[in-house]
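Data from coords.cif: mmCIF, C-alpha atoms (C1' of nucleotides)
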```cif
data_structure
loop_
_atom_site.label_atom_id
_atom_site.label_comp_id
_atom_site.auth_asym_id
_atom_site.auth_seq_id
_atom_site.Cartn_x
_atom_site.Cartn_y
_atom_site.Cartn_z
CA MET A 447 -16.87 -10.56 8.74
CA ARG A 448 -13.73 -9.94 6.76
CA ILE A 449 -13.09 -6.41 5.49
CA ALA A 450 -10.26 -5.77 3.04
CA THR A 451 -8.60 -2.73 1.52
CA TYR A 452 -6.66 -2.85 -1.73
CA ASN A 453 -5.03 -0.09 -3.75
CA VAL A 454 -5.36 -1.71 -7.19
CA ASN A 455 -3.43 0.95 -9.12
CA GLY A 456 -5.75 0.87 -12.14
CA ILE A 457 -8.81 -1.37 -12.01
CA THR A 458 -8.89 -1.93 -15.77
CA ALA A 459 -5.34 -3.27 -15.96
CA ARG A 460 -5.74 -5.01 -12.60
CA LEU A 461 -9.05 -6.77 -13.22
CA PRO A 462 -7.64 -10.32 -13.67
CA VAL A 463 -5.58 -10.00 -10.48
CA LEU A 464 -8.51 -8.48 -8.56
CA LEU A 465 -10.91 -11.22 -9.65
CA ARG A 466 -8.41 -13.96 -8.82
CA TRP A 467 -7.82 -12.49 -5.36
CA LEU A 468 -11.57 -12.13 -4.70
CA GLU A 469 -12.13 -15.73 -5.82
CA GLU A 470 -9.30 -17.11 -3.68
CA THR A 471 -9.90 -15.14 -0.49
CA GLN A 472 -13.64 -14.27 -0.58
CA PRO A 473 -13.59 -11.12 1.56
CA ASP A 474 -17.02 -9.91 2.66
CA VAL A 475 -16.34 -6.20 2.18
CA VAL A 476 -13.64 -4.61 0.02
CA CYS A 477 -12.44 -1.02 -0.17
CA LEU A 478 -10.63 -0.25 -3.42
CA GLN A 479 -8.44 2.75 -4.22
CA GLU A 480 -6.76 4.17 -7.31
CA LEU A 481 -9.32 2.89 -9.80
CA LYS A 482 -7.80 5.23 -12.41
CA ALA A 483 -11.00 4.91 -14.41
CA PRO A 484 -13.91 7.26 -15.14
CA GLN A 485 -17.29 6.47 -13.54
CA GLU A 486 -18.62 4.67 -16.64
CA LYS A 487 -15.54 2.47 -17.10
CA PHE A 488 -15.84 0.65 -13.77
CA PRO A 489 -16.11 -3.10 -14.57
CA GLU A 490 -19.50 -3.38 -12.90
CA GLN A 491 -20.58 -6.59 -14.62
CA ALA A 492 -17.34 -8.47 -13.89
CA ILE A 493 -17.54 -7.46 -10.23
CA ARG A 494 -21.18 -8.52 -10.07
CA ASP A 495 -20.37 -11.85 -11.76
CA ALA A 496 -17.72 -12.36 -9.07
CA GLY A 497 -20.53 -12.09 -6.53
CA TYR A 498 -20.17 -8.50 -5.31
CA LYS A 499 -22.42 -5.48 -5.13
CA ALA A 500 -20.49 -2.24 -5.57
CA ILE A 501 -20.61 1.51 -5.23
CA TRP A 502 -17.82 3.59 -6.69
CA HIS A 503 -16.67 7.11 -7.42
CA GLY A 504 -14.53 7.18 -10.51
CA GLN A 505 -12.39 9.84 -12.13
CA LYS A 506 -10.60 10.02 -15.45
CA SER A 507 -6.91 9.00 -15.23
CA TRP A 508 -6.40 9.34 -11.49
CA ASN A 509 -7.73 8.41 -8.06
CA GLY A 510 -11.11 6.70 -7.77
CA VAL A 511 -12.51 4.66 -4.85
CA ALA A 512 -15.04 1.86 -4.48
CA ILE A 513 -16.73 -0.27 -1.83
CA LEU A 514 -17.71 -3.88 -2.59
CA SER A 515 -19.90 -6.21 -0.54
CA ARG A 516 -20.57 -9.90 -1.06
CA THR A 517 -23.77 -10.49 0.89
CA GLU A 518 -24.77 -7.43 2.88
CA GLU A 519 -26.40 -4.38 1.36
CA ILE A 520 -24.33 -1.22 0.85
CA GLU A 521 -26.06 1.93 2.01
CA GLU A 522 -24.08 4.86 0.66
CA ARG A 523 -23.57 7.78 3.05
CA CYS A 524 -21.39 10.08 0.93
CA ARG A 525 -18.86 10.05 -1.93
CA VAL A 526 -16.76 13.04 -0.96
CA LEU A 527 -15.67 14.37 2.43
CA PRO A 528 -18.81 16.12 3.70
CA ASP A 529 -16.96 19.34 4.54
CA ASP A 530 -15.04 19.29 1.29
CA PRO A 531 -17.68 19.47 -1.48
CA GLU A 532 -15.44 21.48 -3.81
CA ASP A 533 -12.76 18.76 -3.95
CA LEU A 534 -12.71 17.47 -7.54
CA GLN A 535 -10.54 14.45 -6.77
CA SER A 536 -12.29 11.12 -6.07
CA ARG A 537 -10.64 10.12 -2.83
CA TYR A 538 -13.38 9.22 -0.38
CA ILE A 539 -16.54 7.12 -0.31
CA GLU A 540 -18.49 6.04 2.76
CA ALA A 541 -21.24 3.54 3.36
CA ARG A 542 -23.06 1.69 6.09
CA ILE A 543 -22.86 -2.08 5.83
CA LYS A 544 -24.84 -3.91 8.50
CA ASP A 545 -24.02 -2.05 11.72
CA ILE A 546 -20.65 -0.75 10.53
CA VAL A 547 -19.79 2.57 8.91
CA VAL A 548 -17.11 1.92 6.29
CA GLY A 549 -15.00 4.84 5.07
CA CYS A 550 -12.78 4.13 2.05
CA LEU A 551 -10.05 6.68 1.45
CA TYR A 552 -7.17 7.45 -0.86
CA LEU A 553 -5.12 10.15 0.79
CA PRO A 554 -2.99 12.30 -1.56
CA ASN A 555 0.61 11.19 -2.12
CA GLY A 556 1.94 14.73 -1.68
CA ASN A 557 5.25 14.49 -3.49
CA PRO A 558 7.26 16.49 -4.30
CA ALA A 559 7.51 18.01 -0.86
CA PRO A 560 7.50 20.80 -0.01
CA GLY A 561 5.18 22.29 -2.62
CA PRO A 562 1.54 22.66 -3.64
CA LYS A 563 0.95 18.90 -3.76
CA PHE A 564 2.23 18.52 -0.23
CA ASP A 565 0.04 21.43 0.88
CA TYR A 566 -2.95 19.70 -0.72
CA LYS A 567 -2.07 16.49 1.10
CA LEU A 568 -1.90 18.17 4.50
CA GLY A 569 -5.11 20.07 3.84
CA TRP A 570 -6.89 16.90 2.80
CA PHE A 571 -5.51 15.11 5.86
CA LYS A 572 -6.85 17.87 8.10
CA ARG A 573 -10.33 17.78 6.55
CA PHE A 574 -10.35 14.00 6.73
CA SER A 575 -9.36 14.15 10.41
CA GLN A 576 -12.22 16.56 11.11
CA HIS A 577 -14.62 14.12 9.49
CA ALA A 578 -13.09 11.26 11.48
CA GLN A 579 -13.78 13.19 14.69
CA GLN A 580 -17.41 13.65 13.64
CA LEU A 581 -17.66 9.91 13.04
CA LEU A 582 -16.27 9.23 16.51
CA ASN A 583 -18.87 11.59 17.93
CA GLU A 584 -21.59 9.38 16.45
CA GLY A 585 -20.50 6.64 18.84
CA VAL A 586 -21.03 3.81 16.35
CA PRO A 587 -18.74 1.10 14.92
CA VAL A 588 -16.57 2.71 12.22
CA VAL A 589 -13.71 1.46 10.09
CA LEU A 590 -11.60 3.89 8.04
CA ALA A 591 -9.72 1.80 5.50
CA GLY A 592 -7.45 2.72 2.65
CA ASP A 593 -4.21 4.09 1.32
CA TYR A 594 -3.21 6.84 3.76
CA ASN A 595 0.09 7.52 1.97
CA ALA A 596 1.50 7.87 5.48
CA ILE A 597 4.32 5.85 7.05
CA PRO A 598 3.45 6.01 10.76
CA THR A 599 6.85 5.23 12.33
CA GLU A 600 10.40 4.16 11.52
CA LYS A 601 9.30 0.57 12.00
CA ASP A 602 7.08 0.91 8.94
CA VAL A 603 9.74 1.58 6.32
CA TYR A 604 12.70 -0.54 5.22
CA LYS A 605 15.21 2.33 5.38
CA PRO A 606 13.84 5.28 7.36
CA GLU A 607 16.88 7.47 6.69
CA ARG A 608 16.17 7.43 2.96
CA TRP A 609 12.59 8.61 3.40
CA THR A 610 12.93 11.59 5.75
CA GLU A 611 12.27 14.12 2.96
CA ASP A 612 9.50 12.12 1.31
CA ALA A 613 5.89 13.29 1.62
CA LEU A 614 4.93 9.86 3.02
CA PHE A 615 7.32 10.14 5.96
CA ARG A 616 7.94 13.83 6.57
CA PRO A 617 7.33 15.02 10.16
CA GLU A 618 4.15 16.85 9.16
CA THR A 619 2.66 13.65 7.73
CA ARG A 620 3.64 11.51 10.70
CA LYS A 621 2.25 14.15 13.04
CA ALA A 622 -1.05 14.25 11.17
CA TYR A 623 -1.33 10.48 11.36
CA HIS A 624 -0.38 10.45 15.04
CA ASN A 625 -2.93 13.16 15.85
CA LEU A 626 -5.61 11.21 14.01
CA ILE A 627 -4.86 8.07 16.02
CA ALA A 628 -4.89 10.18 19.18
CA GLN A 629 -8.57 10.95 18.60
CA GLY A 630 -9.16 7.41 19.77
CA TRP A 631 -8.68 5.20 16.72
CA THR A 632 -7.05 1.77 16.79
CA ASP A 633 -4.49 0.97 14.09
CA ALA A 634 -5.60 -2.64 13.51
CA ILE A 635 -2.37 -4.02 12.05
CA ARG A 636 -0.25 -2.47 14.80
CA LYS A 637 -2.66 -3.57 17.50
CA LEU A 638 -2.28 -7.25 16.58
CA HIS A 639 1.36 -7.08 15.40
CA PRO A 640 2.99 -4.63 17.83
CA ASP A 641 6.61 -5.52 17.08
CA GLU A 642 6.51 -7.25 13.73
CA THR A 643 7.71 -5.66 10.48
CA VAL A 644 4.60 -5.41 8.33
CA TYR A 645 4.60 -3.84 4.85
CA THR A 646 1.67 -3.21 2.52
CA PHE A 647 3.49 -1.59 -0.43
CA TRP A 648 6.58 -2.48 -2.43
CA ASP A 649 7.79 -0.17 -5.18
CA TYR A 650 7.96 -1.45 -8.75
CA PHE A 651 11.54 -0.17 -8.91
CA ARG A 652 14.67 -2.20 -8.24
CA ASP A 653 12.92 -5.43 -7.28
CA ALA A 654 11.63 -3.88 -4.06
CA TYR A 655 9.32 -6.82 -3.40
CA GLY A 656 12.12 -9.35 -3.91
CA ARG A 657 14.29 -7.40 -1.44
CA ASN A 658 11.31 -6.80 0.88
CA ALA A 659 12.04 -3.08 0.64
CA GLY A 660 8.53 -2.09 1.64
CA LEU A 661 6.39 0.47 3.37
CA ARG A 662 3.32 0.24 5.59
CA ILE A 663 0.94 2.88 4.22
CA ASP A 664 -2.41 1.07 3.89
CA HIS A 665 -4.22 1.19 7.22
CA PHE A 666 -7.35 0.15 9.07
CA LEU A 667 -8.46 2.53 11.79
CA LEU A 668 -11.18 1.24 14.10
CA SER A 669 -13.46 3.28 16.34
CA PRO A 670 -13.72 2.32 20.03
CA GLN A 671 -17.08 0.66 19.31
CA LEU A 672 -15.45 -1.66 16.75
CA ALA A 673 -11.93 -2.22 18.10
CA PRO A 674 -12.96 -4.86 20.71
CA ARG A 675 -14.37 -7.01 17.90
CA LEU A 676 -11.03 -7.19 16.03
CA GLN A 677 -9.94 -10.83 15.58
CA LYS A 678 -7.24 -10.75 12.91
CA ALA A 679 -5.35 -8.25 10.74
CA GLU A 680 -3.16 -9.45 7.89
CA VAL A 681 -1.56 -8.54 4.55
CA ASP A 682 -2.06 -10.81 1.54
CA ARG A 683 1.52 -10.16 0.50
CA PHE A 684 1.56 -13.16 -1.87
CA VAL A 685 -0.65 -11.17 -4.26
CA ARG A 686 2.24 -8.72 -4.72
CA GLY A 687 4.19 -11.61 -6.28
CA TRP A 688 1.63 -12.29 -9.03
CA GLU A 689 2.05 -11.25 -12.66
CA LYS A 690 0.70 -7.83 -13.60
CA THR A 691 0.09 -7.02 -9.94
CA SER A 692 -0.40 -3.76 -8.07
CA ASP A 693 2.47 -2.21 -6.13
CA HIS A 694 0.25 -2.56 -3.04
CA GLY A 695 -0.82 -5.79 -1.39
CA PRO A 696 -4.38 -6.31 -0.11
CA VAL A 697 -4.80 -5.84 3.65
CA TRP A 698 -7.69 -7.27 5.65
CA ILE A 699 -9.18 -7.54 9.11
CA GLU A 700 -11.53 -10.07 10.64
CA ILE A 701 -14.35 -8.59 12.73
CA GLN A 702 -16.55 -10.53 15.11
CA ASP A 703 -20.19 -10.28 14.04
"C1'" DA B 527 19.51 10.37 -10.51
"C1'" DT B 528 17.63 6.16 -11.18
"C1'" DG B 529 14.32 2.42 -11.54
"C1'" DT B 530 8.68 0.62 -13.31
"C1'" DC B 531 4.17 0.83 -13.90
"C1'" DG B 532 -0.90 2.64 -15.74
"C1'" DT B 533 -3.31 6.13 -18.23
"C1'" DA B 534 -4.09 9.65 -21.99
"C1'" DG B 535 -3.65 11.32 -26.37
"C1'" DC B 536 -2.89 9.03 -30.29
"C1'" DC B 537 -1.23 4.70 -33.50
"C1'" DA B 538 4.84 5.93 -31.71
"C1'" DC B 539 5.99 7.61 -28.01
"C1'" DT B 540 6.11 10.89 -24.64
"C1'" DA B 541 4.22 13.14 -20.46
"C1'" DC B 542 2.52 12.64 -15.96
"C1'" DG B 543 1.59 10.78 -11.43
"C1'" DA B 544 2.97 7.51 -8.19
#
```
Represent the supplied structure as structure tokens.
Amino acid sequence: MRIATYNVNGITARLPVLLRWLEETQPDVVCLQELKAPQEKFPEQAIRDAGYKAIWHGQKSWNGVAILSRTEEIEERCRVLPDDPEDLQSRYIEARIKDIVVGCLYLPNGNPAPGPKFDYKLGWFKRFSQHAQQLLNEGVPVVLAGDYNAIPTEKDVYKPERWTEDALFRPETRKAYHNLIAQGWTDAIRKLHPDETVYTFWDYFRDAYGRNAGLRIDHFLLSPQLAPRLQKAEVDRFVRGWEKTSDHGPVWIEIQD
DNA sequence: ATGTCGTAGCCACTACGA
């Protein structure tokens, strides 16, 4: 089974690119972030015509997450962090698909840092990590996929020295990501590409994609019950070269059934 | 500081978030 995550940066503007990518690569399960569309503006019919069932949690202007599935049923578990019911931002949705719990997240960007947005990011990260621990305690196969807005290490950014003050790379963010991994999660891309430079995001500015000035911020974390089934983990970086494309590339893993 | 997108309010462009 192939599971993908893709920050589309606006599903309305991105629909042609999304449909082309789905058609060409046929992932089984897809986690989408940054829909930037209210609940009723999700292109449900176009997604269905492409062969996918979907659940989504929209929001006007910002955020928004969705889970798509080609053949298997999607059993929704929640559409907000369970311990965070007062959060008005649509950043998390979770479902069970076959035997796998799929969490789709869009962690806050947090810039400018320091400041209230950075505080919100760290608070969200903490609540997410608490939920991740609860998922581990269930002892079932879990994948947490999405845009973490976190650069794990210096290997994951084209020029680390330029990013030390950025909310995506500040020590607090790296520490939060490290602590999350330390619960027992496997970073799928790093597991299969331990030394390789792998990016998932290239800024729209200054031809970042052409210069390969990228970041690795979209991650797949696998629970111990799922990690042994990991076969492949890749970035569809060619999609970043298409017209009217997102600043993120789709990332995917192959899981043994 | 800058660069470029997508969205919203509104029909020209500016503000905001990323």
>> Suppose a student applies the PyMOL selection byres ((chain A) within 10 of (chain B)) to this structure; what residues should they get, written as a list in words?
In response: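 Applying the expression gives Asn455, Gly456, Ile457, Thr458, Ala459, Arg460, Lys482, Ala483, Lys506, Ser507, Trp508, Asn555, Gly556, Asn557, Asp649, Tyr650, Phe651, Arg652, Asp653, Lys690, Thr691, Ser692 and Asp693 of chain A.
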Write out, as a CSV table (one decimal), in the frame of the given file, the residues just selected, with C-alpha atoms.
```
chain,number,residue,atom,x,y,z
A,455,ASN,CA,-3.4,1.0,-9.1
A,456,GLY,CA,-5.8,0.9,-12.1
A,457,ILE,CA,-8.8,-1.4,-12.0
A,458,THR,CA,-8.9,-1.9,-15.8
A,459,ALA,CA,-5.3,-3.3,-16.0
A,460,ARG,CA,-5.7,-5.0,-12.6
A,482,LYS,CA,-7.8,5.2,-12.4
A,483,ALA,CA,-11.0,4.9,-14.4
A,506,LYS,CA,-10.6,10.0,-15.4
A,507,SER,CA,-6.9,9.0,-15.2
A,508,TRP,CA,-6.4,9.3,-11.5
A,555,ASN,CA,0.6,11.2,-2.1
A,556,GLY,CA,1.9,14.7,-1.7
A,557,ASN,CA,5.2,14.5,-3.5
A,649,ASP,CA,7.8,-0.2,-5.2
A,650,TYR,CA,8.0,-1.4,-8.8
A,651,PHE,CA,11.5,-0.2,-8.9
A,652,ARG,CA,14.7,-2.2,-8.2
A,653,ASP,CA,12.9,-5.4,-7.3
A,690,LYS,CA,0.7,-7.8,-13.6
A,691,THR,CA,0.1,-7.0,-9.9
A,692,SER,CA,-0.4,-3.8,-8.1
A,693,ASP,CA,2.5,-2.2,-6.1
```
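The shortest atom-to-atom distance to Ile513 of chain A, with only C-alpha atoms taken into account, belongs to A:Ile539 out of A:Leu568, A:Ile539, A:Ile699, A:Val526.
Interatomic distance, atom CA of Asn583 of chain A to atom CA of Asp474 of chain A: 26.4 Å.
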>> Quick check on the file I pasted: which residues fall under the PyMOL selection byres ((chain A and resi 601) around 12)? Write them as a PyMOL selection string.
In response: chain A and resi 597-600+602-607+615+636+639-645+660-663
> Could you write out as an MDAnalysis selection string the residues that the PyMOL selection byres ((chain A and resi 538) around 10) matches in the shown file?
Replying inline: chainID A and resid 479 502:503 509:512 524:528 535:537 539:540 549:553 574 592
>> Could you tell me how far atom CA of Cys477 of chain A sits from atom CA of Thr451 of chain A, in Å to one decimal place?
In response: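 Going from atom CA of Thr451 of chain A over to atom CA of Cys477 of chain A, I get 4.5 Å.
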> Which is closest to Ala659 of chain A among A:Ala559, A:Arg608, A:Ala679, A:Ala634, if we use all atoms listed in the file?
Replying inline: A:Arg608
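With atom CA of Pro462 of chain A on one side and atom CA of Ala654 of chain A on the other, the separation reads 22.5 Å.
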>> List as an MDAnalysis selection string the protein and nucleic acid residues near Asp703 of chain A, meaning an atom at most 9 Å away when only C-alpha atoms (C1' of nucleotides) are counted, but skip any in the same chain fewer than 2 places from it.
In response: chainID A and resid 447 675 701
